[in-house]
>>> print(open('run.pdb').read())   # PDB, C-alpha atoms and all ligand atoms
ATOM      1  CA  MET A   1     -44.935  -6.127 171.394  1.00  0.00           C
ATOM      2  CA  PHE A   2     -43.421  -6.226 167.945  1.00  0.00           C
ATOM      3  CA  GLY A   3     -45.721  -7.125 165.085  1.00  0.00           C
ATOM      4  CA  PRO A   4     -44.765  -8.820 161.858  1.00  0.00           C
ATOM      5  CA  LEU A   5     -44.311  -5.462 160.130  1.00  0.00           C
ATOM      6  CA  HIS A   6     -41.408  -4.309 162.254  1.00  0.00           C
ATOM      7  CA  HIS A   7     -37.749  -4.547 161.342  1.00  0.00           C
ATOM      8  CA  LEU A   8     -38.360  -3.752 157.715  1.00  0.00           C
ATOM      9  CA  ASN A   9     -35.794  -2.215 155.464  1.00  0.00           C
ATOM     10  CA  PHE A  10     -36.393   0.385 152.826  1.00  0.00           C
ATOM     11  CA  CYS A  11     -35.482   0.748 149.170  1.00  0.00           C
ATOM     12  CA  GLU A  12     -32.486   3.035 148.681  1.00  0.00           C
ATOM     13  CA  VAL A  13     -33.907   4.343 145.414  1.00  0.00           C
ATOM     14  CA  ASP A  14     -37.399   5.418 146.389  1.00  0.00           C
ATOM     15  CA  GLY A  15     -37.806   4.836 150.149  1.00  0.00           C
ATOM     16  CA  PHE A  16     -40.552   2.219 149.814  1.00  0.00           C
ATOM     17  CA  PRO A  17     -40.514  -0.684 152.273  1.00  0.00           C
ATOM     18  CA  LEU A  18     -38.836  -3.885 151.121  1.00  0.00           C
ATOM     19  CA  VAL A  19     -40.760  -7.147 151.161  1.00  0.00           C
ATOM     20  CA  LYS A  20     -39.511 -10.726 151.210  1.00  0.00           C
ATOM     21  CA  ILE A  21     -41.255 -13.076 148.805  1.00  0.00           C
ATOM     22  CA  ASP A  22     -40.005 -16.645 148.372  1.00  0.00           C
ATOM     23  CA  ASP A  23     -36.697 -15.669 150.010  1.00  0.00           C
ATOM     24  CA  GLU A  24     -36.114 -12.860 147.550  1.00  0.00           C
ATOM     25  CA  VAL A  25     -36.191  -9.239 148.698  1.00  0.00           C
ATOM     26  CA  TYR A  26     -38.114  -6.780 146.555  1.00  0.00           C
ATOM     27  CA  CYS A  27     -38.984  -3.098 146.718  1.00  0.00           C
ATOM     28  CA  SER A  28     -42.751  -3.077 147.357  1.00  0.00           C
ATOM     29  CA  ALA A  29     -43.399  -0.326 144.792  1.00  0.00           C
ATOM     30  CA  GLU A  30     -41.164  -1.767 142.064  1.00  0.00           C
ATOM     31  CA  TYR A  31     -42.554  -5.273 142.526  1.00  0.00           C
ATOM     32  CA  THR A  32     -46.160  -4.122 142.389  1.00  0.00           C
ATOM     33  CA  ASP A  33     -45.542  -1.700 139.536  1.00  0.00           C
ATOM     34  CA  GLY A  34     -43.892  -4.441 137.497  1.00  0.00           C
ATOM     35  CA  LEU A  35     -46.911  -6.714 137.823  1.00  0.00           C
ATOM     36  CA  ILE A  36     -49.946  -4.421 137.790  1.00  0.00           C
ATOM     37  CA  GLY A  37     -48.704  -0.836 137.276  1.00  0.00           C
ATOM     38  CA  GLY A  38     -50.767   1.042 134.665  1.00  0.00           C
ATOM     39  CA  GLN A  39     -53.467  -1.637 134.627  1.00  0.00           C
ATOM     40  CA  ALA A  40     -57.161  -1.072 135.226  1.00  0.00           C
ATOM     41  CA  VAL A  41     -59.232  -2.695 137.954  1.00  0.00           C
ATOM     42  CA  THR A  42     -61.630  -4.933 136.039  1.00  0.00           C
ATOM     43  CA  GLY A  43     -63.249  -6.658 139.002  1.00  0.00           C
ATOM     44  CA  ILE A  44     -63.444  -6.710 142.772  1.00  0.00           C
ATOM     45  CA  GLU A  45     -64.298  -9.920 144.566  1.00  0.00           C
ATOM     46  CA  GLU A  46     -64.446 -11.305 148.031  1.00  0.00           C
ATOM     47  CA  ARG A  47     -62.473 -14.498 148.524  1.00  0.00           C
ATOM     48  CA  GLY A  48     -62.580 -15.963 152.012  1.00  0.00           C
ATOM     49  CA  ASP A  49     -61.997 -13.074 154.378  1.00  0.00           C
ATOM     50  CA  ARG A  50     -60.169 -10.972 151.777  1.00  0.00           C
ATOM     51  CA  ILE A  51     -61.320  -8.482 149.210  1.00  0.00           C
ATOM     52  CA  GLU A  52     -59.284  -8.824 146.023  1.00  0.00           C
ATOM     53  CA  LEU A  53     -58.805  -6.320 143.223  1.00  0.00           C
ATOM     54  CA  ILE A  54     -58.610  -8.038 139.844  1.00  0.00           C
ATOM     55  CA  PHE A  55     -56.496  -6.274 137.228  1.00  0.00           C
ATOM     56  CA  ASP A  56     -56.443  -6.335 133.406  1.00  0.00           C
ATOM     57  CA  SER A  57     -53.892  -9.110 133.334  1.00  0.00           C
ATOM     58  CA  GLY A  58     -56.001 -11.311 135.615  1.00  0.00           C
ATOM     59  CA  LEU A  59     -53.655 -10.836 138.553  1.00  0.00           C
ATOM     60  CA  ARG A  60     -55.342 -10.474 141.917  1.00  0.00           C
ATOM     61  CA  PHE A  61     -54.253  -8.022 144.576  1.00  0.00           C
ATOM     62  CA  PRO A  62     -55.610  -9.029 148.019  1.00  0.00           C
ATOM     63  CA  LEU A  63     -56.410  -6.076 150.255  1.00  0.00           C
ATOM     64  CA  THR A  64     -54.922  -6.269 153.717  1.00  0.00           C
ATOM     65  CA  CYS A  65     -55.382  -3.809 156.549  1.00  0.00           C
ATOM     66  CA  PRO A  66     -52.760  -1.081 156.945  1.00  0.00           C
ATOM     67  CA  CYS A  67     -52.984  -1.337 160.752  1.00  0.00           C
ATOM     68  CA  CYS A  68     -52.511  -5.077 161.219  1.00  0.00           C
ATOM     69  CA  ASP A  69     -51.979  -6.682 157.783  1.00  0.00           C
ATOM     70  CA  GLY A  70     -55.061  -8.845 158.399  1.00  0.00           C
ATOM     71  CA  PRO A  71     -58.361  -8.618 156.531  1.00  0.00           C
ATOM     72  CA  LEU A  72     -59.550  -5.052 155.896  1.00  0.00           C
ATOM     73  CA  HIS A  73     -61.585  -3.859 158.838  1.00  0.00           C
ATOM     74  CA  ARG A  74     -60.962  -0.148 159.114  1.00  0.00           C
ATOM     75  CA  GLN A  75     -61.413   1.215 155.664  1.00  0.00           C
ATOM     76  CA  PHE A  76     -64.246   0.238 153.395  1.00  0.00           C
ATOM     77  CA  PRO A  77     -66.843  -2.472 153.084  1.00  0.00           C
ATOM     78  CA  LEU A  78     -66.882  -4.342 149.775  1.00  0.00           C
ATOM     79  CA  ALA A  79     -69.615  -2.164 148.242  1.00  0.00           C
ATOM     80  CA  ASP A  80     -67.545   0.955 148.807  1.00  0.00           C
ATOM     81  CA  VAL A  81     -64.392  -0.602 147.392  1.00  0.00           C
ATOM     82  CA  ARG A  82     -66.377  -1.529 144.270  1.00  0.00           C
ATOM     83  CA  ARG A  83     -67.972   1.867 143.930  1.00  0.00           C
ATOM     84  CA  ILE A  84     -64.751   3.785 144.423  1.00  0.00           C
ATOM     85  CA  PHE A  85     -62.145   1.682 142.624  1.00  0.00           C
ATOM     86  CA  ARG A  86     -63.731  -0.340 139.836  1.00  0.00           C
ATOM     87  CA  GLY A  87     -62.587   0.778 136.396  1.00  0.00           C
ATOM     88  CA  ARG A  88     -59.725   2.906 137.669  1.00  0.00           C
ATOM     89  CA  THR A  89     -56.149   2.599 136.520  1.00  0.00           C
ATOM     90  CA  LEU A  90     -53.302   2.061 138.959  1.00  0.00           C
ATOM     91  CA  GLU A  91     -51.098   5.057 138.343  1.00  0.00           C
ATOM     92  CA  GLY A  92     -48.709   5.221 141.275  1.00  0.00           C
ATOM     93  CA  PHE A  93     -47.742   4.370 144.818  1.00  0.00           C
ATOM     94  CA  ARG A  94     -47.368   6.160 148.118  1.00  0.00           C
ATOM     95  CA  HIS A  95     -45.696   5.229 151.351  1.00  0.00           C
ATOM     96  CA  GLY A  96     -46.172   6.522 154.858  1.00  0.00           C
ATOM     97  CA  GLU A  97     -46.113   5.456 158.455  1.00  0.00           C
ATOM     98  CA  TYR A  98     -48.879   3.921 160.499  1.00  0.00           C
ATOM     99  CA  VAL A  99     -48.893   5.230 164.069  1.00  0.00           C
ATOM    100  CA  GLY A 100     -51.023   3.311 166.559  1.00  0.00           C
ATOM    101  CA  ARG A 101     -52.850   4.642 169.562  1.00  0.00           C
ATOM    102  CA  GLY A 102     -50.936   2.683 172.204  1.00  0.00           C
ATOM    103  CA  THR A 103     -48.151   3.875 174.521  1.00  0.00           C
ATOM    104  CA  PRO A 104     -45.618   3.876 173.056  1.00  0.00           C
ATOM    105  CA  PRO A 105     -47.469   3.966 169.743  1.00  0.00           C
ATOM    106  CA  GLU A 106     -46.827   1.128 167.386  1.00  0.00           C
ATOM    107  CA  ARG A 107     -45.297   2.343 164.126  1.00  0.00           C
ATOM    108  CA  HIS A 108     -44.884   0.591 160.848  1.00  0.00           C
ATOM    109  CA  PRO A 109     -44.790   1.453 157.161  1.00  0.00           C
ATOM    110  CA  ILE A 110     -47.909   1.819 155.090  1.00  0.00           C
ATOM    111  CA  PHE A 111     -48.027   1.090 151.405  1.00  0.00           C
ATOM    112  CA  ALA A 112     -50.712   2.659 149.246  1.00  0.00           C
ATOM    113  CA  LEU A 113     -51.967   2.353 145.693  1.00  0.00           C
ATOM    114  CA  GLN A 114     -52.929   5.545 143.923  1.00  0.00           C
ATOM    115  CA  PHE A 115     -55.516   5.324 141.179  1.00  0.00           C
ATOM    116  CA  SER A 116     -56.465   7.540 138.262  1.00  0.00           C
ATOM    117  CA  GLY A 117     -59.270  10.047 138.636  1.00  0.00           C
ATOM    118  CA  PRO A 118     -60.181  13.707 138.911  1.00  0.00           C
ATOM    119  CA  GLU A 119     -60.606  13.771 142.699  1.00  0.00           C
ATOM    120  CA  ASP A 120     -58.067  14.887 145.248  1.00  0.00           C
ATOM    121  CA  PRO A 121     -55.487  12.054 145.415  1.00  0.00           C
ATOM    122  CA  LYS A 122     -56.416  11.170 148.991  1.00  0.00           C
ATOM    123  CA  HIS A 123     -59.869  10.126 147.755  1.00  0.00           C
ATOM    124  CA  ARG A 124     -58.444   7.701 145.191  1.00  0.00           C
ATOM    125  CA  THR A 125     -55.623   6.243 147.259  1.00  0.00           C
ATOM    126  CA  LEU A 126     -55.984   2.854 148.905  1.00  0.00           C
ATOM    127  CA  GLU A 127     -53.767   2.120 151.899  1.00  0.00           C
ATOM    128  CA  VAL A 128     -52.929  -1.523 152.452  1.00  0.00           C
ATOM    129  CA  GLY A 129     -50.603  -3.687 154.525  1.00  0.00           C
ATOM    130  CA  LEU A 130     -47.500  -5.203 152.954  1.00  0.00           C
ATOM    131  CA  GLY A 131     -49.257  -8.573 153.014  1.00  0.00           C
ATOM    132  CA  SER A 132     -51.090  -7.295 149.948  1.00  0.00           C
ATOM    133  CA  VAL A 133     -47.812  -7.050 148.068  1.00  0.00           C
ATOM    134  CA  ARG A 134     -46.753 -10.507 149.263  1.00  0.00           C
ATOM    135  CA  GLY A 135     -50.099 -11.839 148.109  1.00  0.00           C
ATOM    136  CA  LEU A 136     -49.679 -10.532 144.576  1.00  0.00           C
ATOM    137  CA  ARG A 137     -48.364 -13.645 142.880  1.00  0.00           C
ATOM    138  CA  PRO A 138     -47.594 -13.754 139.180  1.00  0.00           C
ATOM    139  CA  ASP A 139     -47.883 -17.542 139.159  1.00  0.00           C
ATOM    140  CA  ILE A 140     -51.416 -17.686 140.555  1.00  0.00           C
ATOM    141  CA  HIS A 141     -54.136 -16.991 138.019  1.00  0.00           C
ATOM    142  CA  PRO A 142     -57.870 -17.314 138.463  1.00  0.00           C
ATOM    143  CA  HIS A 143     -59.806 -19.946 136.547  1.00  0.00           C
TER
HETATM  144 ZN    ZN B   1     -37.717   0.942 145.132  1.00  0.00          ZN
HETATM  145 ZN    ZN B   2     -56.165  -3.777 161.047  1.00  0.00          ZN
END
>>> encode(input="run.pdb", output="structure tokens")
Amino acid sequence: MFGPLHHLNFCEVDGFPLVKIDDEVYCSAEYTDGLIGGQAVTGIEERGDRIELIFDSGLRFPLTCPCCDGPLHRQFPLADVRRIFRGRTLEGFRHGEYVGRGTPPERHPIFALQFSGPEDPKHRTLEVGLGSVRGLRPDIHPH
């Protein structure tokens, strides 16, 4: 009954969920901000079953589903992700709680990227699972 996203701890500074990467514990927002914060999305590609955002630096951010941390299946198809997010700058982060429809409802943290733009923030915010943060690896560059 407990998924892989349970039993998480939260950053004391900003309340974002903590993630474990190579046995080190990081604040999801600080880790992501340090690698791709302020960068623009220069490309969006499908790799295997994942959609990846490619940032200025060449780093790739794989999109995982906020409900199950698997491939995106609830939000947008690839064409919509391209249309909505290409060319935007990553300007901040949001956190919240996913509440499932079961009884009792499954709950786990949601991590979201907020991008630049004139629209209401909810229309330029991309919710993802924490697997996205774990998949953002500074040592893996595209060729
Ligand atoms: Zn933090
Ligand atoms: Zn899902």
>>> resolve_selection(input="run.pdb", expression="the PyMOL selection byres (((not hetatm)) within 8 of (chain B and resi 2))", output="JSON, numbers by chain")
{"A": [64, 65, 66, 67, 68, 69, 70, 71, 72, 73, 74]}
>>> closest_atom_pairs(input="run.pdb", of="chain A", to="ligand ZN 1 (chain B)", cutoff="12 Å", atoms="only C-alpha atoms and all ligand atoms", output="JSON lines")
{"residue": "A:Asn9", "atom": "CA", "partner": "B:ZN1", "partner_atom": "ZN", "distance": 11.0}
{"residue": "A:Phe10", "atom": "CA", "partner": "B:ZN1", "partner_atom": "ZN", "distance": 7.8}
{"residue": "A:Cys11", "atom": "CA", "partner": "B:ZN1", "partner_atom": "ZN", "distance": 4.6}
{"residue": "A:Glu12", "atom": "CA", "partner": "B:ZN1", "partner_atom": "ZN", "distance": 6.7}
{"residue": "A:Val13", "atom": "CA", "partner": "B:ZN1", "partner_atom": "ZN", "distance": 5.1}
{"residue": "A:Asp14", "atom": "CA", "partner": "B:ZN1", "partner_atom": "ZN", "distance": 4.7}
{"residue": "A:Gly15", "atom": "CA", "partner": "B:ZN1", "partner_atom": "ZN", "distance": 6.4}
{"residue": "A:Phe16", "atom": "CA", "partner": "B:ZN1", "partner_atom": "ZN", "distance": 5.6}
{"residue": "A:Pro17", "atom": "CA", "partner": "B:ZN1", "partner_atom": "ZN", "distance": 7.8}
{"residue": "A:Leu18", "atom": "CA", "partner": "B:ZN1", "partner_atom": "ZN", "distance": 7.8}
{"residue": "A:Val19", "atom": "CA", "partner": "B:ZN1", "partner_atom": "ZN", "distance": 10.5}
{"residue": "A:Val25", "atom": "CA", "partner": "B:ZN1", "partner_atom": "ZN", "distance": 10.9}
{"residue": "A:Tyr26", "atom": "CA", "partner": "B:ZN1", "partner_atom": "ZN", "distance": 7.9}
{"residue": "A:Cys27", "atom": "CA", "partner": "B:ZN1", "partner_atom": "ZN", "distance": 4.5}
{"residue": "A:Ser28", "atom": "CA", "partner": "B:ZN1", "partner_atom": "ZN", "distance": 6.8}
{"residue": "A:Ala29", "atom": "CA", "partner": "B:ZN1", "partner_atom": "ZN", "distance": 5.8}
{"residue": "A:Glu30", "atom": "CA", "partner": "B:ZN1", "partner_atom": "ZN", "distance": 5.4}
{"residue": "A:Tyr31", "atom": "CA", "partner": "B:ZN1", "partner_atom": "ZN", "distance": 8.3}
{"residue": "A:Thr32", "atom": "CA", "partner": "B:ZN1", "partner_atom": "ZN", "distance": 10.2}
{"residue": "A:Asp33", "atom": "CA", "partner": "B:ZN1", "partner_atom": "ZN", "distance": 10.0}
{"residue": "A:Gly34", "atom": "CA", "partner": "B:ZN1", "partner_atom": "ZN", "distance": 11.2}
{"residue": "A:Phe93", "atom": "CA", "partner": "B:ZN1", "partner_atom": "ZN", "distance": 10.6}
{"residue": "A:Arg94", "atom": "CA", "partner": "B:ZN1", "partner_atom": "ZN", "distance": 11.4}
{"residue": "A:His95", "atom": "CA", "partner": "B:ZN1", "partner_atom": "ZN", "distance": 11.0}
>>> resolve_selection(input="run.pdb", expression="the PyMOL selection byres (((chain A and resi 59-62) around 9) and not hetatm)", output="list in words")
Leu35, Ile36, Ile44, Arg47, Arg50, Ile51, Glu52, Leu53, Ile54, Phe55, Asp56, Ser57, Gly58, Leu63, Thr64, Pro71, Gly131, Ser132, Val133, Gly135, Leu136, Arg137, Pro138, Asp139, Ile140, His141 and Pro142 of chain A
>>> atom_distance(input="run.pdb", atom1="atom CA of A:His108", atom2="atom CA of A:Gly92")
20.5 Å
>>> resolve_selection(input="run.pdb", expression="the PyMOL selection byres (((chain A and resi 98-103) around 12) and not hetatm)", output="mmCIF file with C-alpha atoms, in the frame of the given file")
data_model
loop_
_atom_site.group_PDB
_atom_site.id
_atom_site.type_symbol
_atom_site.label_atom_id
_atom_site.label_comp_id
_atom_site.auth_asym_id
_atom_site.auth_seq_id
_atom_site.Cartn_x
_atom_site.Cartn_y
_atom_site.Cartn_z
ATOM 1 C CA MET A 1 -44.935 -6.127 171.394
ATOM 2 C CA GLY A 3 -45.721 -7.125 165.085
ATOM 3 C CA LEU A 5 -44.311 -5.462 160.130
ATOM 4 C CA HIS A 6 -41.408 -4.309 162.254
ATOM 5 C CA CYS A 65 -55.382 -3.809 156.549
ATOM 6 C CA PRO A 66 -52.760 -1.081 156.945
ATOM 7 C CA CYS A 67 -52.984 -1.337 160.752
ATOM 8 C CA CYS A 68 -52.511 -5.077 161.219
ATOM 9 C CA ASP A 69 -51.979 -6.682 157.783
ATOM 10 C CA HIS A 95 -45.696 5.229 151.351
ATOM 11 C CA GLY A 96 -46.172 6.522 154.858
ATOM 12 C CA GLU A 97 -46.113 5.456 158.455
ATOM 13 C CA PRO A 104 -45.618 3.876 173.056
ATOM 14 C CA PRO A 105 -47.469 3.966 169.743
ATOM 15 C CA GLU A 106 -46.827 1.128 167.386
ATOM 16 C CA ARG A 107 -45.297 2.343 164.126
ATOM 17 C CA HIS A 108 -44.884 0.591 160.848
ATOM 18 C CA PRO A 109 -44.790 1.453 157.161
ATOM 19 C CA ILE A 110 -47.909 1.819 155.090
ATOM 20 C CA PHE A 111 -48.027 1.090 151.405
ATOM 21 C CA ALA A 112 -50.712 2.659 149.246
ATOM 22 C CA GLU A 127 -53.767 2.120 151.899
ATOM 23 C CA VAL A 128 -52.929 -1.523 152.452
ATOM 24 C CA GLY A 129 -50.603 -3.687 154.525
ATOM 25 C CA LEU A 130 -47.500 -5.203 152.954
#
>>> atom_distance(input="run.pdb", atom1="atom CA of A:Asp80", atom2="atom CA of A:Glu45")
12.1 Å
>>> atom_distance(input="run.pdb", atom1="atom CA of A:Ala79", atom2="atom CA of A:Gly117")
18.7 Å
>>> axis_aligned_box(input="run.pdb", around="stretch 37-47 of chain A", padding_each_side="6 Å", output="lines of an AutoDock Vina configuration file")
center_x = -56.6
center_y = -6.7
center_z = 141.6
size_x = 27.7
size_y = 27.5
size_z = 25.9
